[in-house]
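So this one's start.csv, CSV, C-alpha atoms (C1' of nucleotides):
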```
chain,number,residue,atom,x,y,z
A,35,MET,CA,-28.1,-10.2,-4.5
A,36,ARG,CA,-25.5,-9.7,-1.8
A,37,THR,CA,-26.0,-7.9,1.5
A,38,ILE,CA,-22.7,-6.5,2.8
A,39,MET,CA,-22.1,-4.6,6.0
A,40,HIS,CA,-19.2,-2.4,6.9
A,41,VAL,CA,-18.6,-1.6,10.6
A,42,ASP,CA,-16.2,1.3,11.5
A,43,LEU,CA,-15.4,2.2,15.1
A,44,ASP,CA,-15.7,5.9,15.8
A,45,ALA,CA,-12.5,7.8,16.6
A,46,PHE,CA,-11.1,4.5,17.8
A,47,TYR,CA,-7.9,5.3,19.6
A,48,PRO,CA,-9.1,8.3,21.5
A,49,SER,CA,-12.4,6.5,22.3
A,50,VAL,CA,-10.4,3.6,23.9
A,51,GLU,CA,-8.3,6.1,25.9
A,52,VAL,CA,-11.4,7.9,27.1
A,53,ARG,CA,-13.0,4.6,28.1
A,54,GLU,CA,-10.0,3.7,30.2
A,55,ARG,CA,-9.7,7.2,31.7
A,56,PRO,CA,-13.2,8.7,32.2
A,57,GLU,CA,-11.7,12.0,33.4
A,58,LEU,CA,-10.8,12.6,29.7
A,59,LYS,CA,-14.5,12.5,28.6
A,60,GLY,CA,-15.5,15.7,26.8
A,61,LYS,CA,-11.9,16.8,26.3
A,62,PRO,CA,-10.1,17.2,23.0
A,63,VAL,CA,-7.9,14.0,23.0
A,64,ILE,CA,-5.3,13.7,20.3
A,65,VAL,CA,-3.4,10.4,19.9
A,66,GLY,CA,-0.1,10.7,17.9
A,67,ALA,CA,3.5,11.9,18.1
A,68,ASP,CA,4.8,14.0,21.0
A,69,PRO,CA,3.9,17.6,20.1
A,70,LYS,CA,6.9,19.0,22.0
A,71,GLU,CA,5.4,22.4,22.4
A,72,GLY,CA,4.9,22.6,18.7
A,73,ARG,CA,8.3,21.4,17.6
A,74,GLY,CA,7.4,17.7,17.5
A,75,ARG,CA,8.1,15.7,14.3
A,76,GLY,CA,5.3,13.3,13.5
A,77,VAL,CA,1.6,13.3,12.8
A,78,VAL,CA,-1.8,12.9,14.4
A,79,ASN,CA,-3.0,9.3,14.5
A,80,SER,CA,-6.6,9.9,15.5
A,81,ALA,CA,-8.4,12.8,17.2
A,82,SER,CA,-11.6,12.7,19.4
A,83,TYR,CA,-14.6,14.6,18.0
A,84,GLU,CA,-14.0,17.4,20.5
A,85,ALA,CA,-10.4,17.7,19.0
A,86,ARG,CA,-11.9,17.6,15.5
A,87,SER,CA,-14.0,20.7,16.3
A,88,PHE,CA,-10.6,22.6,16.4
A,89,GLY,CA,-9.9,21.4,12.9
A,90,ILE,CA,-7.6,18.6,13.9
A,91,ARG,CA,-7.5,15.6,11.6
A,92,SER,CA,-5.8,12.2,11.2
A,93,ALA,CA,-2.4,12.4,9.4
A,94,MET,CA,-2.1,16.2,10.2
A,95,PRO,CA,1.5,17.2,11.4
A,96,ILE,CA,1.4,17.2,15.2
A,97,SER,CA,3.0,20.6,15.2
A,98,ARG,CA,0.0,22.1,13.4
A,99,ALA,CA,-2.4,20.3,15.7
A,100,TRP,CA,-0.6,21.9,18.6
A,101,ARG,CA,-1.1,25.3,17.2
A,102,LEU,CA,-4.8,24.7,16.6
A,103,CYS,CA,-5.3,23.4,20.1
A,104,PRO,CA,-2.5,23.7,22.6
A,105,GLN,CA,-4.8,22.9,25.5
A,106,GLY,CA,-5.6,19.4,24.1
A,107,VAL,CA,-4.7,16.2,25.8
A,108,TYR,CA,-1.9,14.7,23.7
A,109,LEU,CA,-1.3,11.0,24.1
A,110,ARG,CA,1.3,8.5,22.6
A,111,PRO,CA,-0.4,5.5,21.0
A,112,ASP,CA,-0.8,2.4,23.2
A,113,HIS,CA,-1.1,-0.2,20.5
A,114,GLU,CA,-1.4,-3.2,22.8
A,115,LEU,CA,-4.4,-1.6,24.5
A,116,TYR,CA,-6.1,-0.8,21.1
A,117,GLN,CA,-5.3,-4.3,19.9
A,118,ARG,CA,-7.0,-5.9,22.9
A,119,ALA,CA,-10.1,-3.7,22.5
A,120,SER,CA,-10.1,-4.5,18.8
A,121,ASN,CA,-10.0,-8.2,19.4
A,122,ASN,CA,-13.0,-8.1,21.6
A,123,VAL,CA,-15.1,-6.0,19.2
A,124,MET,CA,-14.0,-8.3,16.2
A,125,ARG,CA,-15.2,-11.3,18.2
A,126,ILE,CA,-18.6,-9.8,18.5
A,127,LEU,CA,-18.8,-8.8,14.8
A,128,ARG,CA,-17.6,-12.2,13.6
A,129,SER,CA,-20.4,-13.9,15.4
A,130,HIS,CA,-23.0,-12.1,13.3
A,131,ALA,CA,-21.6,-12.9,9.8
A,132,ASP,CA,-21.5,-15.7,7.3
A,133,ARG,CA,-18.2,-14.4,6.1
A,134,PHE,CA,-16.0,-11.9,7.9
A,135,GLU,CA,-13.0,-9.8,6.8
A,136,GLN,CA,-11.1,-7.4,9.0
A,137,GLY,CA,-10.2,-4.3,7.1
A,138,GLY,CA,-7.9,-2.8,9.7
A,139,ILE,CA,-7.7,-2.5,13.5
A,140,ASP,CA,-11.0,-0.6,13.7
A,141,GLU,CA,-13.1,-1.8,10.8
A,142,ALA,CA,-14.6,-5.0,9.3
A,143,TYR,CA,-16.8,-6.3,6.5
A,144,LEU,CA,-19.6,-8.8,7.1
A,145,ASP,CA,-21.3,-10.8,4.4
A,146,LEU,CA,-24.9,-11.2,5.6
A,147,SER,CA,-26.3,-12.6,2.3
A,148,THR,CA,-27.7,-15.7,3.9
A,149,ARG,CA,-28.5,-14.2,7.3
A,150,VAL,CA,-31.0,-11.6,6.3
A,151,GLN,CA,-33.7,-11.6,3.6
A,152,ASP,CA,-33.9,-7.8,3.0
A,153,LEU,CA,-32.5,-4.5,3.9
A,154,HIS,CA,-35.1,-4.0,6.6
A,155,GLN,CA,-33.8,-7.1,8.4
A,156,ALA,CA,-30.2,-5.9,7.8
A,157,ALA,CA,-31.0,-2.5,9.4
A,158,GLY,CA,-32.4,-4.3,12.5
A,159,LEU,CA,-29.2,-6.4,12.8
A,160,ALA,CA,-27.1,-3.3,12.3
A,161,ARG,CA,-28.8,-1.5,15.2
A,162,ARG,CA,-28.4,-4.6,17.4
A,163,ILE,CA,-24.7,-4.8,16.6
A,164,MET,CA,-24.2,-1.1,17.4
A,165,GLU,CA,-25.9,-1.5,20.7
A,166,GLU,CA,-24.0,-4.7,21.6
A,167,VAL,CA,-20.6,-3.1,20.9
A,168,LEU,CA,-21.6,-0.1,23.0
A,169,GLU,CA,-22.9,-2.2,25.9
A,170,ARG,CA,-20.2,-4.8,26.0
A,171,GLU,CA,-17.2,-2.7,25.0
A,172,ALA,CA,-18.3,0.8,25.7
A,173,LEU,CA,-17.3,1.8,22.1
A,174,SER,CA,-19.3,3.6,19.5
A,175,CYS,CA,-19.4,2.4,15.9
A,176,SER,CA,-21.0,3.4,12.6
A,177,ILE,CA,-22.4,1.0,10.0
A,178,GLY,CA,-23.1,0.9,6.3
A,179,VAL,CA,-25.2,-1.7,4.6
A,180,ALA,CA,-25.2,-2.1,0.8
A,181,PRO,CA,-25.1,-4.5,-2.1
A,182,ASN,CA,-21.2,-4.4,-2.1
A,183,LYS,CA,-18.1,-3.7,0.0
A,184,MET,CA,-17.3,-0.3,-1.5
A,185,LEU,CA,-20.8,1.1,-1.0
A,186,ALA,CA,-21.0,-0.4,2.5
A,187,LYS,CA,-17.7,1.4,3.4
A,188,ILE,CA,-18.8,4.7,1.9
A,189,GLY,CA,-22.1,4.2,3.9
A,190,SER,CA,-20.4,3.6,7.2
A,191,ASP,CA,-18.5,7.0,6.8
A,192,PHE,CA,-21.7,8.9,5.8
A,193,LYS,CA,-23.3,9.6,9.2
A,194,LYS,CA,-20.6,9.4,11.8
A,195,PRO,CA,-20.5,9.0,14.8
A,196,TYR,CA,-23.0,6.2,15.8
A,197,GLY,CA,-24.6,6.4,12.4
A,198,LEU,CA,-26.4,3.8,10.3
A,199,THR,CA,-26.7,4.2,6.5
A,200,ILE,CA,-28.6,1.7,4.3
A,201,ILE,CA,-28.1,1.9,0.5
A,202,SER,CA,-30.5,-0.1,-1.6
A,203,GLU,CA,-29.7,-1.1,-5.2
A,204,LYS,CA,-32.2,1.4,-6.5
A,205,GLU,CA,-30.7,4.3,-4.5
A,206,VAL,CA,-27.1,3.8,-5.6
A,207,SER,CA,-26.6,6.4,-8.2
A,208,GLU,CA,-28.7,9.0,-6.4
A,209,PHE,CA,-26.6,8.4,-3.3
A,210,LEU,CA,-23.2,8.4,-5.0
A,211,SER,CA,-23.7,11.3,-7.5
A,212,PRO,CA,-23.3,14.3,-5.2
A,213,LEU,CA,-20.4,12.9,-3.2
A,214,GLU,CA,-16.8,14.0,-3.8
A,215,VAL,CA,-14.6,11.7,-5.8
A,216,ARG,CA,-12.3,11.4,-2.7
A,217,LYS,CA,-15.0,9.3,-1.0
A,218,ILE,CA,-14.3,6.4,-3.3
A,219,PRO,CA,-11.9,4.0,-1.6
A,220,GLY,CA,-8.7,4.1,-3.6
A,221,VAL,CA,-8.9,7.7,-4.5
A,222,GLY,CA,-6.2,9.5,-2.3
A,223,PRO,CA,-4.7,13.0,-2.6
A,224,ARG,CA,-2.8,12.3,-5.8
A,225,THR,CA,-5.7,10.8,-7.8
A,226,GLU,CA,-8.0,13.4,-6.5
A,227,GLU,CA,-5.7,16.1,-7.8
A,228,ILE,CA,-5.5,14.5,-11.2
A,229,LEU,CA,-9.3,14.3,-11.4
A,230,HIS,CA,-9.8,17.9,-10.3
A,231,ASP,CA,-7.4,19.0,-13.0
A,232,LEU,CA,-9.7,17.2,-15.4
A,233,GLY,CA,-12.6,19.2,-14.0
A,234,ILE,CA,-14.1,16.1,-12.2
A,235,ARG,CA,-15.1,16.8,-8.6
A,236,SER,CA,-18.2,14.6,-7.9
A,237,ILE,CA,-18.7,10.9,-8.3
A,238,GLY,CA,-21.6,11.7,-10.7
A,239,GLN,CA,-19.2,13.7,-12.9
A,240,LEU,CA,-16.7,10.8,-12.8
A,241,ALA,CA,-19.5,8.3,-13.8
A,242,GLY,CA,-20.4,10.5,-16.7
A,243,THR,CA,-16.8,10.8,-18.1
A,244,ASP,CA,-15.6,8.7,-21.0
A,245,PRO,CA,-13.5,5.8,-19.6
A,246,ASP,CA,-11.0,6.1,-22.4
A,247,HIS,CA,-10.4,9.7,-21.4
A,248,LEU,CA,-9.9,8.6,-17.8
A,249,ALA,CA,-7.5,5.8,-18.9
A,250,ARG,CA,-5.3,8.3,-20.8
A,251,HIS,CA,-4.7,10.3,-17.6
A,252,LEU,CA,-4.8,7.5,-15.0
A,253,GLY,CA,-3.9,4.3,-16.8
A,254,SER,CA,-5.8,1.2,-15.9
A,255,LEU,CA,-6.9,2.9,-12.7
A,256,GLY,CA,-9.1,5.1,-14.8
A,257,ARG,CA,-11.3,2.3,-15.9
A,258,ARG,CA,-11.6,0.8,-12.4
A,259,LEU,CA,-12.6,4.2,-11.0
A,260,HIS,CA,-15.2,4.6,-13.7
A,261,GLN,CA,-16.7,1.3,-12.6
A,262,ARG,CA,-16.6,2.3,-9.0
A,263,ALA,CA,-18.3,5.6,-9.8
A,264,GLN,CA,-21.3,3.5,-11.1
A,265,GLY,CA,-21.4,1.8,-7.8
A,266,ILE,CA,-19.9,-1.4,-9.1
A,267,ASP,CA,-17.5,-3.4,-6.9
A,268,PRO,CA,-17.4,-7.2,-7.5
A,269,SER,CA,-14.8,-7.8,-4.7
A,270,GLU,CA,-15.8,-10.5,-2.2
A,271,VAL,CA,-15.6,-10.6,1.6
A,272,VAL,CA,-12.6,-12.8,2.0
A,273,VAL,CA,-11.1,-14.3,5.2
A,274,ASP,CA,-7.8,-12.5,5.8
A,275,GLY,CA,-4.7,-14.2,4.5
A,276,GLU,CA,-1.2,-14.6,5.9
A,277,THR,CA,1.1,-11.7,6.5
A,278,LYS,CA,3.2,-10.8,3.4
A,279,SER,CA,5.9,-8.6,5.0
A,280,ILE,CA,7.3,-7.4,8.3
A,281,GLY,CA,9.1,-4.1,8.6
A,282,ARG,CA,10.2,-1.4,11.0
A,283,GLU,CA,11.2,2.2,10.3
A,284,VAL,CA,12.2,5.3,12.3
A,285,THR,CA,12.4,9.0,11.6
A,286,PHE,CA,15.3,10.7,13.4
A,287,GLU,CA,14.7,13.6,15.7
A,288,ARG,CA,16.7,15.7,13.3
A,289,ASP,CA,18.3,14.9,9.9
A,290,ILE,CA,21.7,13.3,10.4
A,291,ILE,CA,24.7,12.8,8.1
A,292,ASP,CA,26.8,10.6,10.4
A,293,ALA,CA,27.0,7.0,9.3
A,294,ALA,CA,27.6,5.4,12.7
A,295,PRO,CA,24.2,6.2,14.3
A,296,ILE,CA,22.4,5.3,11.1
A,297,LEU,CA,24.0,1.9,11.0
A,298,GLU,CA,23.4,1.4,14.7
A,299,THR,CA,19.7,2.1,14.1
A,300,MET,CA,19.7,-0.3,11.2
A,301,ASP,CA,21.0,-3.0,13.6
A,302,GLY,CA,18.2,-2.3,16.0
A,303,LEU,CA,15.5,-2.6,13.3
A,304,ALA,CA,17.0,-5.9,12.2
A,305,GLU,CA,16.8,-7.2,15.8
A,306,GLU,CA,13.2,-6.2,16.2
A,307,ILE,CA,12.2,-7.8,12.9
A,308,CYS,CA,14.0,-11.0,13.8
A,309,SER,CA,12.4,-11.3,17.1
A,310,GLU,CA,9.0,-10.9,15.4
A,311,LEU,CA,9.9,-13.5,12.8
A,312,LEU,CA,10.8,-16.0,15.5
A,313,GLN,CA,7.5,-15.2,17.4
A,314,CYS,CA,5.4,-15.7,14.2
A,315,GLY,CA,7.4,-18.6,12.9
A,316,PHE,CA,8.4,-17.0,9.6
A,317,ARG,CA,11.5,-17.1,7.4
A,318,PHE,CA,12.2,-14.4,4.7
A,319,ARG,CA,13.9,-14.4,1.4
A,320,THR,CA,13.7,-10.7,0.4
A,321,ILE,CA,15.2,-7.7,2.3
A,322,THR,CA,14.3,-4.1,1.5
A,323,VAL,CA,16.0,-1.0,2.9
A,324,LYS,CA,14.2,2.3,2.7
A,325,ILE,CA,15.9,5.7,3.2
A,326,ARG,CA,14.5,9.1,3.3
A,327,PHE,CA,16.9,12.0,2.9
A,328,GLU,CA,16.2,15.6,3.8
A,329,HIS,CA,13.4,17.3,1.7
A,330,PHE,CA,11.6,13.9,1.9
A,331,ASP,CA,13.5,12.3,-1.1
A,332,THR,CA,12.7,8.6,-0.6
A,333,PHE,CA,14.4,5.6,-2.1
A,334,THR,CA,14.4,1.8,-1.6
A,335,ARG,CA,16.9,-1.0,-2.4
A,336,SER,CA,16.1,-4.6,-2.1
A,337,ARG,CA,17.8,-7.9,-2.4
A,338,SER,CA,16.5,-11.5,-2.7
A,339,LEU,CA,18.4,-14.4,-1.2
A,340,ALA,CA,18.6,-17.8,-2.9
A,341,PHE,CA,17.2,-19.3,0.3
A,342,ALA,CA,14.8,-18.5,3.1
A,343,THR,CA,16.2,-17.7,6.6
A,344,ASN,CA,15.4,-16.0,9.9
A,345,ASP,CA,19.0,-15.4,10.7
A,346,LEU,CA,19.8,-12.1,12.4
A,347,SER,CA,23.3,-11.7,11.1
A,348,ILE,CA,22.2,-12.3,7.5
A,349,LEU,CA,19.5,-9.6,7.9
A,350,ARG,CA,21.8,-7.2,9.7
A,351,ASN,CA,24.6,-7.6,7.2
A,352,ASN,CA,22.4,-7.2,4.1
A,353,GLY,CA,20.6,-4.3,5.7
A,354,ARG,CA,23.9,-2.6,6.4
A,355,ARG,CA,25.2,-3.3,2.9
A,356,LEU,CA,22.1,-1.9,1.2
A,357,VAL,CA,22.0,1.2,3.3
A,358,ASP,CA,25.8,1.8,2.7
A,359,LEU,CA,25.0,2.2,-1.0
A,360,PHE,CA,22.9,5.3,0.0
A,361,LEU,CA,25.3,6.7,2.6
A,362,ARG,CA,27.9,7.4,-0.1
A,363,ARG,CA,25.7,10.2,-1.2
A,364,GLN,CA,26.7,12.3,1.8
A,365,LYS,CA,23.3,13.7,2.3
A,366,ARG,CA,21.4,14.3,5.5
A,367,VAL,CA,19.1,11.3,6.4
A,368,ARG,CA,15.6,11.8,7.8
A,369,LEU,CA,14.4,8.1,8.0
A,370,ILE,CA,15.6,4.6,7.6
A,371,GLY,CA,13.5,1.5,7.4
A,372,LEU,CA,14.0,-2.3,6.9
A,373,ARG,CA,11.4,-4.8,5.7
A,374,VAL,CA,11.5,-8.5,5.0
A,375,SER,CA,9.1,-10.2,2.5
A,376,ALA,CA,8.7,-13.4,0.5
A,377,LEU,CA,7.8,-15.0,3.8
A,378,ASN,CA,7.6,-18.8,4.4
A,379,ARG,CA,6.2,-20.6,7.4
A,380,LEU,CA,9.0,-22.3,9.3
B,234,DT,C1',2.8,23.7,7.1
B,235,DC,C1',5.7,20.0,6.8
B,236,DT,C1',4.7,15.7,6.4
B,237,DG,C1',4.8,8.5,11.4
B,238,DG,C1',4.8,3.7,11.1
B,239,DG,C1',2.4,-0.4,10.1
B,240,DG,C1',1.1,-2.5,5.9
B,241,DT,C1',-1.0,-3.8,0.8
B,242,DC,C1',-1.4,-3.6,-4.1
B,243,DC,C1',-0.1,-2.1,-8.7
B,244,DT,C1',2.9,-1.0,-12.6
B,245,DA,C1',6.8,-1.3,-15.5
B,246,DG,C1',11.2,-2.7,-17.3
B,247,DG,C1',14.7,-6.2,-17.7
B,248,DA,C1',16.5,-10.9,-17.1
B,249,DC,C1',15.8,-15.4,-18.2
B,250,DC,C1',13.6,-19.5,-19.9
B,251,DC,C1',10.9,-22.3,-23.1
C,159,DT,C1',20.9,-7.6,-40.3
C,160,DC,C1',17.0,-8.5,-38.0
C,161,DT,C1',15.2,-10.8,-34.7
C,162,DG,C1',8.2,-14.0,-31.6
C,163,DG,C1',5.5,-14.7,-27.9
C,164,DG,C1',4.4,-16.0,-23.3
C,165,DG,C1',5.4,-16.7,-18.4
C,166,DT,C1',7.8,-15.8,-14.1
C,167,DC,C1',10.9,-13.6,-11.1
C,168,DC,C1',13.4,-9.5,-9.5
C,169,DT,C1',13.7,-4.6,-8.5
C,170,DA,C1',12.2,0.2,-7.9
C,171,DG,C1',8.8,3.4,-7.3
C,172,DG,C1',4.2,5.1,-6.3
C,173,DA,C1',-0.4,5.4,-4.4
C,174,DC,C1',-3.2,4.2,-0.9
C,175,DC,C1',-5.2,2.6,3.7
C,176,DC,C1',-5.6,2.8,8.8
```
Would you mind writing the file's structure down as structure tokens?
Amino acid sequence: MRTIMHVDLDAFYPSVEVRERPELKGKPVIVGADPKEGRGRGVVNSASYEARSFGIRSAMPISRAWRLCPQGVYLRPDHELYQRASNNVMRILRSHADRFEQGGIDEAYLDLSTRVQDLHQAAGLARRIMEEVLEREALSCSIGVAPNKMLAKIGSDFKKPYGLTIISEKEVSEFLSPLEVRKIPGVGPRTEEILHDLGIRSIGQLAGTDPDHLARHLGSLGRRLHQRAQGIDPSEVVVDGETKSIGREVTFERDIIDAAPILETMDGLAEEICSELLQCGFRFRTITVKIRFEHFDTFTRSRSLAFATNDLSILRNNGRRLVDLFLRRQKRVRLIGLRVSALNRL
DNA sequence: TCTGGGGTCCTAGGACCC
DNA sequence: TCTGGGGTCCTAGGACCC
């Protein structure tokens, strides 16, 4: 029997901002794009609980957030600040686990299977971790403890903020059944919609549906979801592997049709990627260009080289060539992106 | 209402090889 | 005229996560 813990920092970006600037405490803090008096182009990264009480959520268009709460404190993300705070918290968490897997800047899985003998002990450890993170980093987190990663993650989200949820093997189906299918990691907006169309809203309903029926509408994902709805997740806590790709993308202030500024932007992306490649000691073999036209029509073109390189002019020239294929369409461009993959260590 | 930017993983078809 | 089976790589697109 495994004992897995998932730790999730509460409203991470706004919480770090409030920690650094106590005068923000109690205010609706929204970290994301510049709202520009409601005309901004971008989304909310993360909102404090005060901001959430206005209906503001992550990934919401910033223009809509502005309309919901014009008096809010709107901040641009300071990734270096968040990364430093994250590193400190992760160091604390790592020290309590047999095996440790970072699941993002603000969350991690801990395998406690040999550190605790039962869920009661695990609960004690969880409370100590919550207190330690609060005392040493002045940040609040929520924790789920369960027999596998998926259940632990659903658990950490169950009672936020500063919540602890323990799910024993016996309680699994009782716990999952009433929850919405969207709570299953891997069910996003698209899959949720398909399930709703099939009349499936709760995890209990999903668990009770014929897996063949699910497979007809969702392909192989259908069977995996049916397993997950039973509370089954065999995936292991694994030490994070090497980076697989490095990319940059930008959305223009307004959709543009002129080739020159698009190609200039492409050059800038290539330069940024190359400097990161040098810093990390990687070479790449595959180049992918992404373009988004007006109305959100999005396409990619990629090209693999016969050799690995970190040469800026090769990246820039291939990037230009690939984006040129799209510019012939003479349509307004909203976004361009560049990504390199098939990475090798230098 | 209008949708960022950093990523990962999966699928599916076609090329190519044995 | 009809033509396998398996493996790997490449490309494009899609869904998802934070």
10 Å contacts from chain C to chain A using only C-alpha atoms (C1' of nucleotides), as a PyMOL selection string: chain C and resi 168-171+173-176
Please provide the set of residues having any atom within 8 Å of Arg98 of chain A, restricted to all atoms listed in the file, with same-chain residues fewer than 3 positions apart removed, written as an NGL selection string. (:A and (72 or 94-95 or 101-102)) or (:B and (234))
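Between atom CA of Gln364 of chain A and atom CA of Arg350 of chain A the interatomic distance comes to 21.6 Å.
The neighbours of segment 294-296 of chain A here are the residues that come within 9 Å of it, using only C-alpha atoms (C1' of nucleotides) and leaving out any residue fewer than 6 positions away in the same chain; they are Val357, Val367 and Ile370 of chain A.
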Atoms kept (C-alpha atoms) for selection, written as a compact mmCIF listing (two decimals), keeping the file's coordinate frame:
```txt
# COMPACT_ATOMS: atom_id res chain seq x y z
CA VAL A 357 22.00 1.20 3.30
CA VAL A 367 19.10 11.30 6.40
CA ILE A 370 15.60 4.60 7.60
```
Between atom CA of Ile96 of chain A and atom CA of Gly76 of chain A, distance in Å (one decimal):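 Going from atom CA of Ile96 of chain A over to atom CA of Gly76 of chain A covers 5.8 Å.
Each of A:Gln105, A:Gln117, A:Thr199, A:Ser87 was checked against Pro69 of chain A using all atoms listed in the file; the smallest atom-to-atom distance is that of A:Gln105.
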Kindly indicate which residue among A:Ser254, A:Thr277, A:Thr148, A:Asn182 lies nearest to DT241 of chain B, using all atoms listed in the file for the distances. A:Thr277
Work out how far apart atom CA of Lys70 of chain A and atom CA of Phe286 of chain A are and give it in Å to one decimal. 14.6 Å
Ser176 of chain A: which residues within 7 Å, counting all atoms listed in the file, same-chain residues fewer than 2 positions away excluded, as a PDB file with C-alpha atoms, keeping the file's coordinate frame?
```
ATOM      1  CA  VAL A  41     -18.600  -1.600  10.600  1.00  0.00           C
ATOM      2  CA  ASP A  42     -16.200   1.300  11.500  1.00  0.00           C
ATOM      3  CA  LEU A  43     -15.400   2.200  15.100  1.00  0.00           C
ATOM      4  CA  ASP A  44     -15.700   5.900  15.800  1.00  0.00           C
ATOM      5  CA  SER A 190     -20.400   3.600   7.200  1.00  0.00           C
ATOM      6  CA  LYS A 194     -20.600   9.400  11.800  1.00  0.00           C
ATOM      7  CA  PRO A 195     -20.500   9.000  14.800  1.00  0.00           C
ATOM      8  CA  TYR A 196     -23.000   6.200  15.800  1.00  0.00           C
ATOM      9  CA  GLY A 197     -24.600   6.400  12.400  1.00  0.00           C
ATOM     10  CA  LEU A 198     -26.400   3.800  10.300  1.00  0.00           C
TER      11      LEU A 198
END
```
I'd like to know which of A:Ser375, A:Asn352, A:Ser97, A:Ser347 is closest to DG240 of chain B, using only C-alpha atoms (C1' of nucleotides).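 Among A:Ser375, A:Asn352, A:Ser97, A:Ser347, it is A:Ser375 that comes nearest to DG240 of chain B.
Proximity to Ile201 of chain A was assessed for A:His40, A:Arg317, A:Lys278, A:Arg125 counting only C-alpha atoms; the smallest distance is recorded for A:His40.
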Using all atoms listed in the file, determine which residues lie at most 9 Å from DG237 of chain B, disregarding the query and same-chain residues fewer than 3 positions distant; provide the list as an MDAnalysis selection string. chainID A and resid 66:67 75:79 93 284:285
Just-selected residues, C-alpha atoms written as a PDB file, in the frame of the given file:
```pdb
ATOM      1  CA  GLY A  66      -0.100  10.700  17.900  1.00  0.00           C
ATOM      2  CA  ALA A  67       3.500  11.900  18.100  1.00  0.00           C
ATOM      3  CA  ARG A  75       8.100  15.700  14.300  1.00  0.00           C
ATOM      4  CA  GLY A  76       5.300  13.300  13.500  1.00  0.00           C
ATOM      5  CA  VAL A  77       1.600  13.300  12.800  1.00  0.00           C
ATOM      6  CA  VAL A  78      -1.800  12.900  14.400  1.00  0.00           C
ATOM      7  CA  ASN A  79      -3.000   9.300  14.500  1.00  0.00           C
ATOM      8  CA  ALA A  93      -2.400  12.400   9.400  1.00  0.00           C
ATOM      9  CA  VAL A 284      12.200   5.300  12.300  1.00  0.00           C
ATOM     10  CA  THR A 285      12.400   9.000  11.600  1.00  0.00           C
TER      11      THR A 285
END
```
Measuring atom to atom with all atoms listed in the file, identify which of A:Met39, A:Asp358, A:Gly302, A:Leu153 is nearest to Ile177 of chain A.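 Closest to Ile177 of chain A, using all atoms listed in the file: A:Met39.
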Using only C-alpha atoms, the residue out of A:Leu210, A:Ile38, A:Ala172, A:Ala241 with shortest distance to Ala157 of chain A is A:Ile38
